[in-house]
$ cat work28.cif   # mmCIF, C-alpha atoms and all ligand atoms
data_model
#
loop_
_atom_site.group_PDB
_atom_site.id
_atom_site.type_symbol
_atom_site.label_atom_id
_atom_site.label_comp_id
_atom_site.auth_asym_id
_atom_site.auth_seq_id
_atom_site.Cartn_x
_atom_site.Cartn_y
_atom_site.Cartn_z
ATOM 1 C CA MET G 3 88.442 113.326 130.608
ATOM 2 C CA GLN G 4 85.172 114.583 129.170
ATOM 3 C CA VAL G 5 85.233 116.200 125.751
ATOM 4 C CA THR G 6 82.393 117.890 123.941
ATOM 5 C CA ILE G 7 82.815 118.713 120.266
ATOM 6 C CA LYS G 8 80.206 120.167 117.956
ATOM 7 C CA VAL G 9 80.278 117.635 115.137
ATOM 8 C CA ASN G 10 78.266 118.412 112.028
ATOM 9 C CA GLY G 11 76.231 120.928 114.038
ATOM 10 C CA GLU G 12 75.479 118.694 116.996
ATOM 11 C CA ASP G 13 77.220 118.618 120.386
ATOM 12 C CA ARG G 14 78.787 115.197 120.895
ATOM 13 C CA SER G 15 80.394 114.197 124.195
ATOM 14 C CA ALA G 16 82.460 111.275 125.375
ATOM 15 C CA GLU G 17 84.774 110.287 128.171
ATOM 16 C CA VAL G 18 88.192 109.775 126.613
ATOM 17 C CA GLU G 19 91.830 109.399 127.559
ATOM 18 C CA ALA G 20 93.943 112.534 127.228
ATOM 19 C CA ARG G 21 95.904 110.858 124.397
ATOM 20 C CA HIS G 22 92.753 109.998 122.398
ATOM 21 C CA LEU G 23 93.053 111.181 118.814
ATOM 22 C CA LEU G 24 90.306 113.146 117.110
ATOM 23 C CA VAL G 25 90.125 110.572 114.313
ATOM 24 C CA ARG G 26 89.422 107.859 116.883
ATOM 25 C CA PHE G 27 86.807 110.008 118.596
ATOM 26 C CA LEU G 28 85.014 110.439 115.273
ATOM 27 C CA ARG G 29 85.302 106.866 114.070
ATOM 28 C CA ASP G 30 85.224 104.771 117.251
ATOM 29 C CA ASP G 31 83.160 106.860 119.649
ATOM 30 C CA LEU G 32 80.741 108.478 117.216
ATOM 31 C CA GLY G 33 80.731 105.834 114.478
ATOM 32 C CA LEU G 34 81.458 108.423 111.780
ATOM 33 C CA THR G 35 83.533 106.084 109.646
ATOM 34 C CA GLY G 36 83.376 108.328 106.602
ATOM 35 C CA THR G 37 86.574 109.876 107.953
ATOM 36 C CA HIS G 38 89.207 107.456 106.734
ATOM 37 C CA TRP G 39 92.377 106.580 108.594
ATOM 38 C CA GLY G 40 95.463 105.726 106.600
ATOM 39 C CA CYS G 41 99.041 106.314 107.721
ATOM 40 C CA ASP G 42 98.534 107.584 111.284
ATOM 41 C CA THR G 43 101.745 109.582 110.770
ATOM 42 C CA SER G 44 100.346 112.833 109.315
ATOM 43 C CA ASN G 45 101.589 111.979 105.840
ATOM 44 C CA CYS G 46 98.636 110.802 103.791
ATOM 45 C CA GLY G 47 95.926 113.337 104.653
ATOM 46 C CA THR G 48 93.101 110.858 104.277
ATOM 47 C CA CYS G 49 91.884 111.702 107.792
ATOM 48 C CA VAL G 50 91.266 115.382 106.993
ATOM 49 C CA VAL G 51 88.233 116.994 108.600
ATOM 50 C CA LEU G 52 87.345 120.655 109.054
ATOM 51 C CA LEU G 53 88.114 122.141 112.474
ATOM 52 C CA ASP G 54 86.404 125.510 112.775
ATOM 53 C CA GLY G 55 86.280 125.515 108.971
ATOM 54 C CA GLU G 56 89.945 124.729 108.363
ATOM 55 C CA PRO G 57 91.259 121.402 107.046
ATOM 56 C CA VAL G 58 93.209 119.476 109.676
ATOM 57 C CA LYS G 59 94.612 115.970 109.786
ATOM 58 C CA SER G 60 92.522 114.415 112.535
ATOM 59 C CA CYS G 61 95.270 111.887 113.357
ATOM 60 C CA THR G 62 97.435 114.778 114.499
ATOM 61 C CA ILE G 63 94.830 116.405 116.749
ATOM 62 C CA LEU G 64 93.828 115.193 120.176
ATOM 63 C CA ALA G 65 90.116 114.979 120.829
ATOM 64 C CA ALA G 66 90.754 117.153 123.875
ATOM 65 C CA MET G 67 92.238 119.864 121.665
ATOM 66 C CA ALA G 68 89.035 119.952 119.642
ATOM 67 C CA SER G 69 86.785 120.142 122.687
ATOM 68 C CA GLY G 70 84.669 123.278 122.527
ATOM 69 C CA HIS G 71 85.304 123.610 118.789
ATOM 70 C CA GLU G 72 83.369 122.714 115.643
ATOM 71 C CA VAL G 73 84.244 119.758 113.454
ATOM 72 C CA ARG G 74 82.755 118.953 110.071
ATOM 73 C CA THR G 75 83.127 115.523 108.570
ATOM 74 C CA VAL G 76 82.059 114.104 105.224
ATOM 75 C CA GLU G 77 78.787 113.042 106.844
ATOM 76 C CA GLY G 78 78.065 116.752 107.361
ATOM 77 C CA LEU G 79 78.678 117.850 103.770
ATOM 78 C CA GLU G 80 75.255 116.950 102.430
ATOM 79 C CA GLY G 81 72.701 119.646 103.247
ATOM 80 C CA ALA G 82 68.927 119.791 103.454
ATOM 81 C CA GLU G 83 68.803 120.643 99.759
ATOM 82 C CA GLY G 84 70.951 117.723 98.718
ATOM 83 C CA LEU G 85 74.559 116.966 98.004
ATOM 84 C CA ASP G 86 77.142 119.652 98.389
ATOM 85 C CA PRO G 87 78.348 120.853 94.967
ATOM 86 C CA VAL G 88 81.729 119.340 95.802
ATOM 87 C CA GLN G 89 80.143 115.916 96.260
ATOM 88 C CA GLN G 90 78.223 116.336 93.017
ATOM 89 C CA GLY G 91 81.399 117.464 91.307
ATOM 90 C CA PHE G 92 83.209 114.289 92.335
ATOM 91 C CA ILE G 93 80.338 112.203 90.985
ATOM 92 C CA GLU G 94 80.106 114.165 87.733
ATOM 93 C CA ASN G 95 83.820 114.093 86.991
ATOM 94 C CA HIS G 96 84.743 110.643 88.206
ATOM 95 C CA GLY G 97 86.812 112.070 91.031
ATOM 96 C CA LEU G 98 85.848 108.947 92.960
ATOM 97 C CA GLN G 99 88.184 106.095 92.294
ATOM 98 C CA CYS G 100 88.749 103.701 95.190
ATOM 99 C CA GLY G 101 87.251 106.440 97.370
ATOM 100 C CA PHE G 102 89.761 106.235 100.180
ATOM 101 C CA CYS G 103 91.092 109.775 99.919
ATOM 102 C CA THR G 104 87.751 111.190 98.789
ATOM 103 C CA PRO G 105 86.232 112.415 102.097
ATOM 104 C CA GLY G 106 89.322 114.440 102.992
ATOM 105 C CA MET G 107 89.688 115.740 99.451
ATOM 106 C CA MET G 108 86.081 116.927 99.397
ATOM 107 C CA LEU G 109 86.370 118.654 102.777
ATOM 108 C CA THR G 110 89.550 120.434 101.694
ATOM 109 C CA ALA G 111 87.764 121.483 98.516
ATOM 110 C CA ARG G 112 84.817 122.811 100.494
ATOM 111 C CA ALA G 113 87.134 124.894 102.705
ATOM 112 C CA LEU G 114 88.937 126.205 99.610
ATOM 113 C CA LEU G 115 85.724 127.199 97.841
ATOM 114 C CA ASP G 116 84.394 128.855 100.999
ATOM 115 C CA ARG G 117 87.343 131.241 101.035
ATOM 116 C CA ASN G 118 87.949 131.371 97.272
ATOM 117 C CA PRO G 119 84.876 130.602 95.137
ATOM 118 C CA ASP G 120 86.821 130.709 91.878
ATOM 119 C CA PRO G 121 90.207 129.068 92.453
ATOM 120 C CA SER G 122 92.717 128.565 89.677
ATOM 121 C CA GLU G 123 94.006 125.079 88.917
ATOM 122 C CA PRO G 124 97.310 125.810 90.726
ATOM 123 C CA GLU G 125 95.355 127.011 93.747
ATOM 124 C CA ILE G 126 93.311 123.802 93.760
ATOM 125 C CA ARG G 127 96.432 121.675 93.437
ATOM 126 C CA GLU G 128 98.119 123.592 96.236
ATOM 127 C CA ALA G 129 95.068 123.169 98.494
ATOM 128 C CA ILE G 130 95.108 119.380 98.116
ATOM 129 C CA SER G 131 98.885 119.068 98.103
ATOM 130 C CA GLY G 132 98.948 117.645 101.623
ATOM 131 C CA GLN G 133 96.708 114.750 100.650
ATOM 132 C CA LEU G 134 97.804 111.668 98.769
ATOM 133 C CA CYS G 135 95.629 109.841 96.288
ATOM 134 C CA ARG G 136 96.986 106.358 95.837
ATOM 135 C CA CYS G 137 94.899 105.930 92.726
ATOM 136 C CA THR G 138 96.976 108.753 91.211
ATOM 137 C CA GLY G 139 93.856 110.331 89.823
ATOM 138 C CA TYR G 140 94.437 113.963 90.657
ATOM 139 C CA LEU G 141 93.218 115.178 87.274
ATOM 140 C CA ASN G 142 89.608 114.199 87.883
ATOM 141 C CA ILE G 143 89.769 115.471 91.458
ATOM 142 C CA VAL G 144 90.860 118.887 90.178
ATOM 143 C CA ARG G 145 88.082 118.767 87.591
ATOM 144 C CA ALA G 146 85.605 117.932 90.331
ATOM 145 C CA VAL G 147 86.564 121.024 92.305
ATOM 146 C CA GLN G 148 86.398 123.158 89.166
ATOM 147 C CA TRP G 149 82.919 121.756 88.487
ATOM 148 C CA ALA G 150 81.842 122.654 92.028
ATOM 149 C CA ALA G 151 83.147 126.193 91.554
ATOM 150 C CA ARG G 152 80.946 126.509 88.456
ATOM 151 C CA HIS G 153 77.927 125.138 90.343
ATOM 152 C CA PRO G 154 77.974 126.949 93.697
ATOM 153 C CA ALA G 155 74.503 125.782 94.658
ATOM 154 C CA GLN G 156 72.320 122.948 93.468
ATOM 155 C CA GLN G 157 68.606 123.490 93.137
ATOM 156 C CA PRO G 158 66.413 121.231 95.286
ATOM 157 C CA GLY G 159 65.594 118.211 93.185
ATOM 158 C CA GLY G 160 67.975 119.320 90.464
ATOM 159 C CA GLN G 161 69.642 116.737 88.289
ATOM 160 C CA PRO G 162 73.401 116.458 88.009
ATOM 161 C CA GLY G 163 74.790 118.687 85.311
ATOM 162 C CA GLU G 164 71.425 120.037 84.255
ATOM 163 C CA GLN G 165 72.363 123.643 84.890
ATOM 164 C CA ASP G 166 74.789 123.909 82.034
ATOM 165 C CA GLY G 167 74.564 120.596 80.268
ATOM 166 C CA GLN G 168 78.146 119.878 81.186
ATOM 167 C CA ALA G 169 77.751 116.508 82.849
ATOM 168 C CA GLY G 170 80.676 114.399 81.663
ATOM 169 C CA GLU G 171 81.489 117.013 79.056
ATOM 170 C CA GLN G 172 85.155 117.152 79.762
ATOM 171 C CA ASP G 173 86.199 113.654 79.020
ATOM 172 C CA GLY G 174 83.209 111.929 77.506
ATOM 173 C CA GLN G 175 83.176 109.319 80.258
ATOM 174 C CA ALA G 176 80.177 107.142 80.930
ATOM 175 C CA ALA G 177 77.528 107.909 83.549
ATOM 176 C CA ALA G 178 78.553 108.120 87.184
ATOM 177 C CA ARG G 179 79.071 104.866 89.080
ATOM 178 C CA ALA G 180 76.133 103.517 91.013
ATOM 179 C CA ASP G 181 78.106 103.534 94.261
ATOM 180 C CA ALA G 182 79.282 107.125 93.842
ATOM 181 C CA PRO G 183 76.597 108.743 96.066
ATOM 182 C CA ALA G 184 77.386 106.402 98.968
ATOM 183 C CA GLU G 185 81.107 106.947 98.566
ATOM 184 C CA SER G 186 80.725 110.702 98.399
ATOM 185 C CA THR G 187 78.606 110.984 101.536
ATOM 186 C CA GLY G 188 80.543 108.739 103.893
ATOM 187 C CA ARG G 189 77.813 106.109 103.934
ATOM 188 C CA ALA G 190 80.234 103.632 102.387
ATOM 189 C CA ALA G 191 82.514 103.041 105.371
HETATM 190 S S1 LIG G 201 95.879 109.037 108.699
HETATM 191 FE FE1 LIG G 201 96.136 111.114 109.219
HETATM 192 S S2 LIG G 201 97.540 111.873 107.751
HETATM 193 FE FE2 LIG G 201 97.413 109.754 107.304
HETATM 194 S S1 LIG G 202 90.639 107.567 95.082
HETATM 195 FE FE1 LIG G 202 91.892 105.933 95.764
HETATM 196 S S2 LIG G 202 93.262 106.916 97.080
HETATM 197 FE FE2 LIG G 202 92.309 108.530 96.065
#

$ encode --input "work28.cif" --output "structure tokens"
Amino acid sequence: MQVTIKVNGEDRSAEVEARHLLVRFLRDDLGLTGTHWGCDTSNCGTCVVLLDGEPVKSCTILAAMASGHEVRTVEGLEGAEGLDPVQQGFIENHGLQCGFCTPGMMLTARALLDRNPDPSEPEIREAISGQLCRCTGYLNIVRAVQWAARHPAQQPGGQPGEQDGQAGEQDGQAAARADAPAESTGRAA
């Protein structure tokens, strides 16, 4: 069957079997490997993408079910003016560890901030509660989302943390890892 899904603002079509999962459509048919695939049993949440703005586990959705709808993946987080504040927040606060859960975490954070620009820590933790981080580093992930809430928009060409001088302020950690931008944009498969 033919499916057409608007992915990151662009209509993408493919001929697929009726049982074809959305995660496979994204990764195998479109080559968008920033969406990670872990358990395949709807437990880990690493495959989360946004379907019409809402976080969904793309291993639980058929590509056919998403046909005619809009999907946003980690590759679609970065805008014309640069990284999404959520991506910058993960870099600033060392929310990136092994990076496996990161794309789904960032997309869930983006959906949360879109409906609630100033979430409390419990609200952040509840939002990401369906997603497992095997690196057990939830503290820095929560900090990353809090950072993004404090920096709703980055200025074109702006430097990380320059708006309030708070880069790394919370824990005194060293500068962000060199691979953090690639990990946070889905360019590191
Ligand atoms: S791969 Fe989809 S929830 Fe684990
Ligand atoms: S950063 Fe490794 S699984 Fe979350």

$ residues_around --input "work28.cif" --residues "G:Leu64" --least-positions-apart "4" --cutoff "7 Å" --atoms "only C-alpha atoms" --output "PyMOL selection string"
chain G and resi 21-24+68

$ atom_distance --input "work28.cif" --atom1 "atom CA of G:Leu114" --atom2 "atom CA of G:Thr48"
16.6 Å

$ resolve_selection --input "work28.cif" --expression "the PyMOL selection byres (((chain G and resi 89) around 9) and not hetatm)" --output "list in words"
Leu79, Glu80, Leu85, Asp86, Pro87, Val88, Gln90, Gly91, Phe92, Ile93, Glu94, Met108, Ala146, Ala150, Pro183, Ser186 and Thr187 of chain G

$ residues_near_ligand --input "work28.cif" --ligand "ligand LIG 202 (chain G)" --cutoff "8 Å" --atoms "only C-alpha atoms and all ligand atoms" --output "PyMOL selection string"
chain G and resi 97-104+134-140

$ write_last_selection --input "work28.cif" --atoms "C-alpha atoms" --output "PDB file, keeping the file's coordinate frame"
ATOM      1  CA  GLY G  97      86.812 112.070  91.031  1.00  0.00           C
ATOM      2  CA  LEU G  98      85.848 108.947  92.960  1.00  0.00           C
ATOM      3  CA  GLN G  99      88.184 106.095  92.294  1.00  0.00           C
ATOM      4  CA  CYS G 100      88.749 103.701  95.190  1.00  0.00           C
ATOM      5  CA  GLY G 101      87.251 106.440  97.370  1.00  0.00           C
ATOM      6  CA  PHE G 102      89.761 106.235 100.180  1.00  0.00           C
ATOM      7  CA  CYS G 103      91.092 109.775  99.919  1.00  0.00           C
ATOM      8  CA  THR G 104      87.751 111.190  98.789  1.00  0.00           C
ATOM      9  CA  LEU G 134      97.804 111.668  98.769  1.00  0.00           C
ATOM     10  CA  CYS G 135      95.629 109.841  96.288  1.00  0.00           C
ATOM     11  CA  ARG G 136      96.986 106.358  95.837  1.00  0.00           C
ATOM     12  CA  CYS G 137      94.899 105.930  92.726  1.00  0.00           C
ATOM     13  CA  THR G 138      96.976 108.753  91.211  1.00  0.00           C
ATOM     14  CA  GLY G 139      93.856 110.331  89.823  1.00  0.00           C
ATOM     15  CA  TYR G 140      94.437 113.963  90.657  1.00  0.00           C
TER      16      TYR G 140
END

$ resolve_selection --input "work28.cif" --expression "the PyMOL selection byres (((chain G and resi 115) around 10) and not hetatm)" --output "number ranges by chain"
G: 88, 109-114, 116-121, 126, 147-148, 150-151, 154

$ closest_residue --input "work28.cif" --among "G:Gly33, G:Pro124, G:Gly11, G:Gly47" --to "ligand LIG 201 (chain G)" --atoms "only C-alpha atoms and all ligand atoms"
G:Gly47

$ closest_atom_pairs --input "work28.cif" --of "chain G" --to "ligand LIG 201 (chain G)" --cutoff "9 Å" --atoms "only C-alpha atoms and all ligand atoms" --output "Markdown table"
| residue | atom | partner | partner_atom | distance |
| --- | --- | --- | --- | --- |
| G:Val25 | CA | G:LIG201 | FE1 | 7.9 |
| G:His38 | CA | G:LIG201 | S1 | 7.1 |
| G:Trp39 | CA | G:LIG201 | S1 | 4.3 |
| G:Gly40 | CA | G:LIG201 | S1 | 3.9 |
| G:Cys41 | CA | G:LIG201 | FE2 | 3.8 |
| G:Asp42 | CA | G:LIG201 | S1 | 4.0 |
| G:Thr43 | CA | G:LIG201 | FE2 | 5.6 |
| G:Ser44 | CA | G:LIG201 | S2 | 3.4 |
| G:Asn45 | CA | G:LIG201 | S2 | 4.5 |
| G:Cys46 | CA | G:LIG201 | FE2 | 3.9 |
| G:Gly47 | CA | G:LIG201 | S2 | 3.8 |
| G:Thr48 | CA | G:LIG201 | FE2 | 5.4 |
| G:Cys49 | CA | G:LIG201 | FE1 | 4.5 |
| G:Val50 | CA | G:LIG201 | FE1 | 6.8 |
| G:Val58 | CA | G:LIG201 | FE1 | 8.9 |
| G:Lys59 | CA | G:LIG201 | FE1 | 5.1 |
| G:Ser60 | CA | G:LIG201 | FE1 | 5.9 |
| G:Cys61 | CA | G:LIG201 | FE1 | 4.3 |
| G:Thr62 | CA | G:LIG201 | FE1 | 6.6 |
| G:Gly132 | CA | G:LIG201 | S2 | 8.5 |
| G:Gln133 | CA | G:LIG201 | S2 | 7.7 |
| G:Leu134 | CA | G:LIG201 | FE2 | 8.8 |

$ atom_distance --input "work28.cif" --atom1 "atom CA of G:Asn10" --atom2 "atom CA of G:Ala129"
22.1 Å
